[in-house]
There are 2 protein chains.
Amino acid sequence: MSSGANLLQVDGGRLWETLMRSGEIGPGRAGGLCRLPLTDADKEMRDQFISWCEDAGCRVTIDRLGNIFARRDGRDESLAPVLIGSHLDTQVAGGKYDGILGVLAGLEVVRTLNDSSLETRRPIEVVCWTNEEGARFQPPMMCSGAFAGVHDVDWILDCRDDDDFVFGEELARIGYDGDTPVGGREVDAYFELHIEQGPELEAKEIPLGIVSGGYFTRGMVIEVEGENAHSGPTPMDKRRNALVGAAMMIVAANDIGWKQHPPGKSTSSRIKVWPNKPGILPDYAQVTVDFRHPNKATTLAMEADMTAAIDDCCERANVAAEIVQTWEFGNEVFDDECTALVKNAADELQVPYQEMLSQAGHDAYHMTRITPTALLFSPCKEGITHNENEHIELEYTVPAVNVLLHSVLGRANR
Amino acid sequence: MSSGANLLQVDGGRLWETLMRSGEIGPGRAGGLCRLPLTDADKEMRDQFISWCEDAGCRVTIDRLGNIFARRDGRDESLAPVLIGSHLDTQVAGGKYDGILGVLAGLEVVRTLNDSSLETRRPIEVVCWTNEEGARFQPPMMCSGAFAGVHDVDWILDCRDDDDFVFGEELARIGYDGDTPVGGREVDAYFELHIEQGPELEAKEIPLGIVSGGYFTRGMVIEVEGENAHSGPTPMDKRRNALVGAAMMIVAANDIGWKQHPPGKSTSSRIKVWPNKPGILPDYAQVTVDFRHPNKATTLAMEADMTAAIDDCCERANVAAEIVQTWEFGNEVFDDECTALVKNAADELQVPYQEMLSQAGHDAYHMTRITPTALLFSPCKEGITHNENEHIELEYTVPAVNVLLHSVLGRANR
């Protein structure tokens with residue numbers, strides 16, 4: 001086995017410069033990013049990314065959902081490509097690395113291969129998936145989901161954001177309504193590098209996490225039905241205040257998370273209320289909650305606790321409720337062969353790693369359904385993410401990018 | 001004493017027809033009205049009202065806040081006028097009578113006087129106050145408040161709605177940015193007829209309530225500060241979810257209302273959350289709550305309970321909170337002489353009545369500060385209000401309108 005120092009390495013400085021340029025596009029309020037999908041900022045970032053990819057000699061195609069594929073030809077163009085990707089969109093108050101690192105690390109892999117004029121047997125494609133965050137259009141991981149056949153393309157094109165803007169119209173507005181079909185083609189393998197979004201790797205000073213599975217996650221949207229009435233004279237026992245019912249459910253969901261802490265957790269981060277005015281009791285509320293635990297049975301028990309709590313809240317608040325949507329993720333299976341390639345590359349490069357579970361959803365989750373997939377984590381400061389203070393250090397990031405390079409190289413020459 | 005039947009009476013059919021025409025302007029979703037202030041529907045109603053007033057021979061003036069005054073001259077124009085009024089705006093899901101009855105009953109008083117060519121010593125003005133409901137711009141009872149010197153005119157003109165539309169710009173847009181000053185002139189007395197917005201009068205089959213005071217009301221806006229974080233990996237004990245803190249406060253406020261039920265009550269009908277997205281814990285929430293009880297000391301105790309509960313919720317949800325705004329109403333004093341006039345008119349007309357407290361705020365509350373004021377209630381079906389199913393019957397409404405007519409007549413001839 002050759003020593004890591006003699007192996008091909010990415011250019012960390014160039015990667016960092018690229019990340020910093022991305023970090024200027026779509027500034028947030030507090031030093032991070034607010035780069036919601038299909039906004040002008042998203043367009044500017046996409047234009048920049050494509051310009052970099054074309055400078056690196058890639059052929060760029062865009063599918064009907066705006067997913068971008070930058071292809072570096074292989075020696076045998078009849079073979080299915082190896083994909084490296086993630087997303088360039090962010091939360092409303094997001095960081096500069098979540099998703100972005102995965103796409104720009106893919107670009108750095110291509111640039112590094114170019115520097116050494118290294119051909120690969122299979123083509124390599126760097127992918128930017130549209131709307132991973134779900135910050136503007138729900139659900140998250142939207143367009144990798146469509147690529148994997150989980151969501152219908154036309155259904156996505158008709159989705160609306162909170163201000164009633166239509167996905168398809170916004171996509172056309174920024175000029176990213178491409179003409180290639182979404183998915184439906186053979187992919188040899190998919191590799192995604194993502195920041196951990198947890199504190200573990202940094203605390204242990206381990207620069208690489210190899211994801212073996214996910215926290216099992218169940219989510220639901222609950223609609224609460226009350227009745228409009230005057231906030232003044234209506235006696236307490238005649239009130240059917242949808243907001244009060246919704247608040248009770250949020251508190252109940254929070255209690256359920258605490259009951260399974262650690263490692264279980266529950267979240268309510270979104271509420272809609274109508275009319276949501278002073279003076280009038282709202283007749284409608286909508287709450288989104290989810291439950292996560294490494295053990296599937298425990299997550300299902302948390303969900304069952306919530307279902308019971310909803311009934312209890314309805315009785316106490318004199319409202320009705322219905323679970324109108326549910327979803328789950330985190331039971332995806334990553335590919336043994338791809339994962340072995342990653343471990344092998346880490347060993348060769350002498351990069352310490354640990355296997356771990358992912359607690360968040362990623363585009364890689366959907367890709368497991370249609371192609372052998374590996375998901376790599378690199379550390380982020382104190383696990384802070386979905387926060388403008390999200391931070392990484394180049395020195396503890398480059399090792400994982402080098403592992404990505406060699407994993408992809410191995411697969412693309414297979 | 002003459003029998004009621006021989007006294008001057010309003011034309012109930014004409015009043016009803018006028019109410020029904022108003023009920024067509026700004027339809028809601030379920031048979032009621034959605035006539036928010038300074039919208040196109042508000043303009044259409046104002047235009048219709050002014051056209052009716054001019055047909056009735058009134059001179060119409062509009063002040064800088066769009067308050068409309070339709071004046072029927074008195075014999076002695078040097079004397080201060082008697083005002084009759086209420087509001088023509090509604091809640092988002094409002095009824096056809098709340099406020100509207102009071103304005104159109106004023107118009108019916110003028111029409112009835114015209115029918116009999118009855119002059120009065122003092123002028124009479126029918127008033128439509130801008131934005132009583134507070135459904136679009138807060139606070140409620142906004143422009144009667146400015147007339148009474150409680151709010152600053154320029155401050156109101158700069159107020160913004162939830163979509164950031166500016167009050168003054170919207171007022172100009174609908175052409176109701178009048179040129180007369182707001183208030184600052186002598187008013188002899190103010191009479192307001194309003195639906196009860198409670199079930200008592202209808203249940204007891206009493207057609208008239210004479211308001212002797214209000215439920216003492218304390219309200220507050222609470223801002224909750226948390227921290228953005230990923231809804232997945234962030235452990236429960238690191239979360240600072242502003243929505244969870246706000247939900248706990250809503251539940252606490254509700255409990256405090258129940259502790260004083262009856263007759264005490266508490267309300268949270270409005271919440272704002274940022275970013276309010278799936279996937280990211282919100283760092284900001286804002287909750288509006290109020291407490292009402294006939295006994296001032298009890299209301300203050302409810303408020304003190306809430307202040308303590310806020311601290312407790314902050315600790316449990318690991319958030320910070322601040323009460324950024326407070327208000328109170330319901331300790332207004334109605335005028336003995338005006339009230340005696342009302343009672344006297346009711347006796348003469350043989351209209352049964354009862355004295356009662358108001359549980360809701362009304363424009364009359366502000367007017368008590370600057371002029372002798374009386375507030376009259378007529379029944380509404382089952383007390384349902386701020387609801388599109390709000391309903392009144394002509395037969396149990398006309399008696400109160402006749403009492404209004406004779407009260408105003410008595411005062412205007414004083």
# chains A, B, ... in the order shown; residues from 1 in each chain; ligands from 1
call {"tool": "closest_atom_pairs", "arguments": {"of": "chain A", "to": "chain B", "cutoff": "6 Å", "atoms": "only C-alpha atoms", "output": "tab-separated table"}}
result
residue	atom	partner	partner_atom	distance
A:Ala135	CA	B:Lys277	CA	5.9
A:Gly198	CA	B:Pro233	CA	5.7
A:Asn228	CA	B:Asn387	CA	5.1
A:Ala229	CA	B:His386	CA	5.0
A:His230	CA	B:His386	CA	5.0
A:Gly232	CA	B:Ala360	CA	4.9
A:Pro233	CA	B:Gln359	CA	5.0
A:Met236	CA	B:Lys265	CA	5.9
A:Ala247	CA	B:Ala247	CA	4.4
A:Lys265	CA	B:Met236	CA	5.9
A:Ser269	CA	B:Leu281	CA	5.3
A:Arg270	CA	B:Asn276	CA	4.5
A:Asn276	CA	B:Arg270	CA	4.5
A:Lys277	CA	B:Arg270	CA	5.2
A:Pro278	CA	B:Ser269	CA	5.8
A:Ile280	CA	B:His386	CA	5.9
A:Leu281	CA	B:Ser269	CA	5.3
A:Gln359	CA	B:Pro233	CA	5.0
A:Ala360	CA	B:Gly232	CA	4.9
A:Thr385	CA	B:Ala229	CA	5.7
A:His386	CA	B:Ala229	CA	5.0
A:Asn387	CA	B:Asn228	CA	5.2
call {"tool": "write_last_selection", "arguments": {"atoms": "C-alpha atoms", "output": "PDB file, in the first residue's frame"}}
result
ATOM      1  CA  ALA A 135     -37.396  25.734   2.394  1.00  0.00           C
ATOM      2  CA  GLY A 198     -23.908  17.019  14.047  1.00  0.00           C
ATOM      3  CA  ASN A 228     -64.447  31.619  14.042  1.00  0.00           C
ATOM      4  CA  ALA A 229     -65.769  33.602  16.977  1.00  0.00           C
ATOM      5  CA  HIS A 230     -65.169  36.900  18.712  1.00  0.00           C
ATOM      6  CA  GLY A 232     -64.055  38.960  23.539  1.00  0.00           C
ATOM      7  CA  PRO A 233     -67.488  37.723  24.552  1.00  0.00           C
ATOM      8  CA  MET A 236     -64.213  29.618  27.293  1.00  0.00           C
ATOM      9  CA  ALA A 247     -50.315  24.789  20.335  1.00  0.00           C
ATOM     10  CA  LYS A 265     -36.022  13.831  18.924  1.00  0.00           C
ATOM     11  CA  SER A 269     -40.969  24.182  13.186  1.00  0.00           C
ATOM     12  CA  ARG A 270     -43.891  25.290  11.045  1.00  0.00           C
ATOM     13  CA  ASN A 276     -54.452  34.619  12.323  1.00  0.00           C
ATOM     14  CA  LYS A 277     -55.740  38.027  13.371  1.00  0.00           C
ATOM     15  CA  PRO A 278     -56.395  39.667  16.695  1.00  0.00           C
ATOM     16  CA  ILE A 280     -61.212  36.589  15.900  1.00  0.00           C
ATOM     17  CA  LEU A 281     -60.695  32.999  16.971  1.00  0.00           C
ATOM     18  CA  GLN A 359     -29.910  12.128  11.314  1.00  0.00           C
ATOM     19  CA  ALA A 360     -30.987  14.353   8.429  1.00  0.00           C
ATOM     20  CA  THR A 385     -26.160  23.920  10.754  1.00  0.00           C
ATOM     21  CA  HIS A 386     -29.315  25.410   9.261  1.00  0.00           C
ATOM     22  CA  ASN A 387     -27.914  28.466  10.948  1.00  0.00           C
TER      23      ASN A 387
END
call {"tool": "select_by_dssp", "arguments": {"residues": "stretch 41-148 of chain A", "states": "strand (DSSP E or B)", "output": "ChimeraX atom specification"}}
result
/A:59-63,68-72,82-87,94,124-129
call {"tool": "closest_residue", "arguments": {"among": "A:Asp164, A:Glu169, A:Asp89, A:Asp188", "to": "A:Gly102", "atoms": "only C-alpha atoms"}}
result
A:Asp89
call {"tool": "atom_distance", "arguments": {"atom1": "atom CA of B:Arg29", "atom2": "atom CA of B:Lys43"}}
result
19.5 Å
call {"tool": "residues_around", "arguments": {"residues": "A:Ala345", "least_positions_apart": "5", "cutoff": "8 Å", "atoms": "only C-alpha atoms", "output": "PDB file with N, CA and C atoms, in the first residue's frame"}}
result
ATOM      1  N   VAL A 403     -10.868  11.444  -0.124  1.00  0.00           N
ATOM      2  CA  VAL A 403     -11.483  10.106  -0.110  1.00  0.00           C
ATOM      3  C   VAL A 403     -12.553  10.018  -1.191  1.00  0.00           C
ATOM      4  N   HIS A 406     -10.859   9.497  -4.609  1.00  0.00           N
ATOM      5  CA  HIS A 406     -10.351   8.149  -4.875  1.00  0.00           C
ATOM      6  C   HIS A 406     -11.463   7.114  -4.943  1.00  0.00           C
ATOM      7  N   SER A 407     -12.540   7.345  -4.206  1.00  0.00           N
ATOM      8  CA  SER A 407     -13.681   6.424  -4.298  1.00  0.00           C
ATOM      9  C   SER A 407     -14.289   6.496  -5.693  1.00  0.00           C
TER      10      SER A 407
END
call {"tool": "select_by_dssp", "arguments": {"residues": "stretch 192-379 of chain B", "states": "alpha helix (DSSP H)", "output": "MDAnalysis selection string"}}
result
chainID B and resid 200:204 242:259 296:317 336:349 363:367
call {"tool": "residues_around", "arguments": {"residues": "A:Arg21", "least_positions_apart": "5", "cutoff": "12 Å", "atoms": "only C-alpha atoms", "output": "PyMOL selection string"}}
result
chain A and resi 14-16+26-27+33+44-45+48-49+52+96-97+100+104
call {"tool": "write_last_selection", "arguments": {"atoms": "N, CA and C atoms", "output": "PDB file, in the first residue's frame"}}
result
ATOM      1  N   ARG A  14      -7.974  25.757  -3.918  1.00  0.00           N
ATOM      2  CA  ARG A  14      -8.918  26.049  -5.013  1.00  0.00           C
ATOM      3  C   ARG A  14     -10.354  25.731  -4.586  1.00  0.00           C
ATOM      4  N   LEU A  15     -10.531  24.607  -3.892  1.00  0.00           N
ATOM      5  CA  LEU A  15     -11.868  24.254  -3.402  1.00  0.00           C
ATOM      6  C   LEU A  15     -12.388  25.359  -2.481  1.00  0.00           C
ATOM      7  N   TRP A  16     -11.533  25.836  -1.586  1.00  0.00           N
ATOM      8  CA  TRP A  16     -11.943  26.844  -0.619  1.00  0.00           C
ATOM      9  C   TRP A  16     -12.356  28.146  -1.319  1.00  0.00           C
ATOM     10  N   GLY A  26     -26.319  35.308  -2.646  1.00  0.00           N
ATOM     11  CA  GLY A  26     -27.540  35.099  -1.865  1.00  0.00           C
ATOM     12  C   GLY A  26     -27.284  35.268  -0.379  1.00  0.00           C
ATOM     13  N   PRO A  27     -26.674  36.390   0.021  1.00  0.00           N
ATOM     14  CA  PRO A  27     -26.328  36.571   1.430  1.00  0.00           C
ATOM     15  C   PRO A  27     -27.550  36.561   2.348  1.00  0.00           C
ATOM     16  N   LEU A  33     -26.137  32.294   4.313  1.00  0.00           N
ATOM     17  CA  LEU A  33     -26.812  32.402   3.014  1.00  0.00           C
ATOM     18  C   LEU A  33     -28.325  32.269   3.150  1.00  0.00           C
ATOM     19  N   GLU A  44     -28.169  32.930 -10.101  1.00  0.00           N
ATOM     20  CA  GLU A  44     -26.797  33.439 -10.166  1.00  0.00           C
ATOM     21  C   GLU A  44     -25.799  32.333  -9.796  1.00  0.00           C
ATOM     22  N   MET A  45     -26.140  31.549  -8.758  1.00  0.00           N
ATOM     23  CA  MET A  45     -25.254  30.457  -8.341  1.00  0.00           C
ATOM     24  C   MET A  45     -25.177  29.391  -9.417  1.00  0.00           C
ATOM     25  N   GLN A  48     -22.996  30.542 -12.209  1.00  0.00           N
ATOM     26  CA  GLN A  48     -21.592  30.466 -11.794  1.00  0.00           C
ATOM     27  C   GLN A  48     -21.091  29.026 -11.838  1.00  0.00           C
ATOM     28  N   PHE A  49     -21.912  28.122 -11.326  1.00  0.00           N
ATOM     29  CA  PHE A  49     -21.532  26.703 -11.287  1.00  0.00           C
ATOM     30  C   PHE A  49     -21.324  26.160 -12.708  1.00  0.00           C
ATOM     31  N   TRP A  52     -18.130  27.412 -14.204  1.00  0.00           N
ATOM     32  CA  TRP A  52     -16.986  26.646 -13.696  1.00  0.00           C
ATOM     33  C   TRP A  52     -16.894  25.283 -14.373  1.00  0.00           C
ATOM     34  N   LYS A  96     -23.006  28.167   4.516  1.00  0.00           N
ATOM     35  CA  LYS A  96     -22.341  28.221   3.213  1.00  0.00           C
ATOM     36  C   LYS A  96     -21.847  26.858   2.741  1.00  0.00           C
ATOM     37  N   TYR A  97     -22.148  25.787   3.517  1.00  0.00           N
ATOM     38  CA  TYR A  97     -21.519  24.500   3.221  1.00  0.00           C
ATOM     39  C   TYR A  97     -22.513  23.357   3.049  1.00  0.00           C
ATOM     40  N   ILE A 100     -23.698  22.487  -0.478  1.00  0.00           N
ATOM     41  CA  ILE A 100     -22.786  23.178  -1.390  1.00  0.00           C
ATOM     42  C   ILE A 100     -21.439  22.467  -1.463  1.00  0.00           C
ATOM     43  N   LEU A 104     -19.531  21.243  -4.931  1.00  0.00           N
ATOM     44  CA  LEU A 104     -18.257  21.869  -5.310  1.00  0.00           C
ATOM     45  C   LEU A 104     -17.077  20.921  -5.092  1.00  0.00           C
TER      46      LEU A 104
END
call {"tool": "residues_around", "arguments": {"residues": "B:Thr368", "least_positions_apart": "2", "cutoff": "8 Å", "atoms": "only C-alpha atoms", "output": "ChimeraX atom specification"}}
result
/B:332-335,364-366,370-373
call {"tool": "atom_distance", "arguments": {"atom1": "atom CA of B:Asp161", "atom2": "atom CA of A:Leu171"}}
result
29.6 Å
call {"tool": "atom_distance", "arguments": {"atom1": "atom CA of A:Pro399", "atom2": "atom CA of A:Asn114"}}
result
19.4 Å
call {"tool": "closest_residue", "arguments": {"among": "B:Cys313, B:Ala285, B:Met220, B:Val401", "to": "B:Trp327", "atoms": "only C-alpha atoms"}}
result
B:Met220
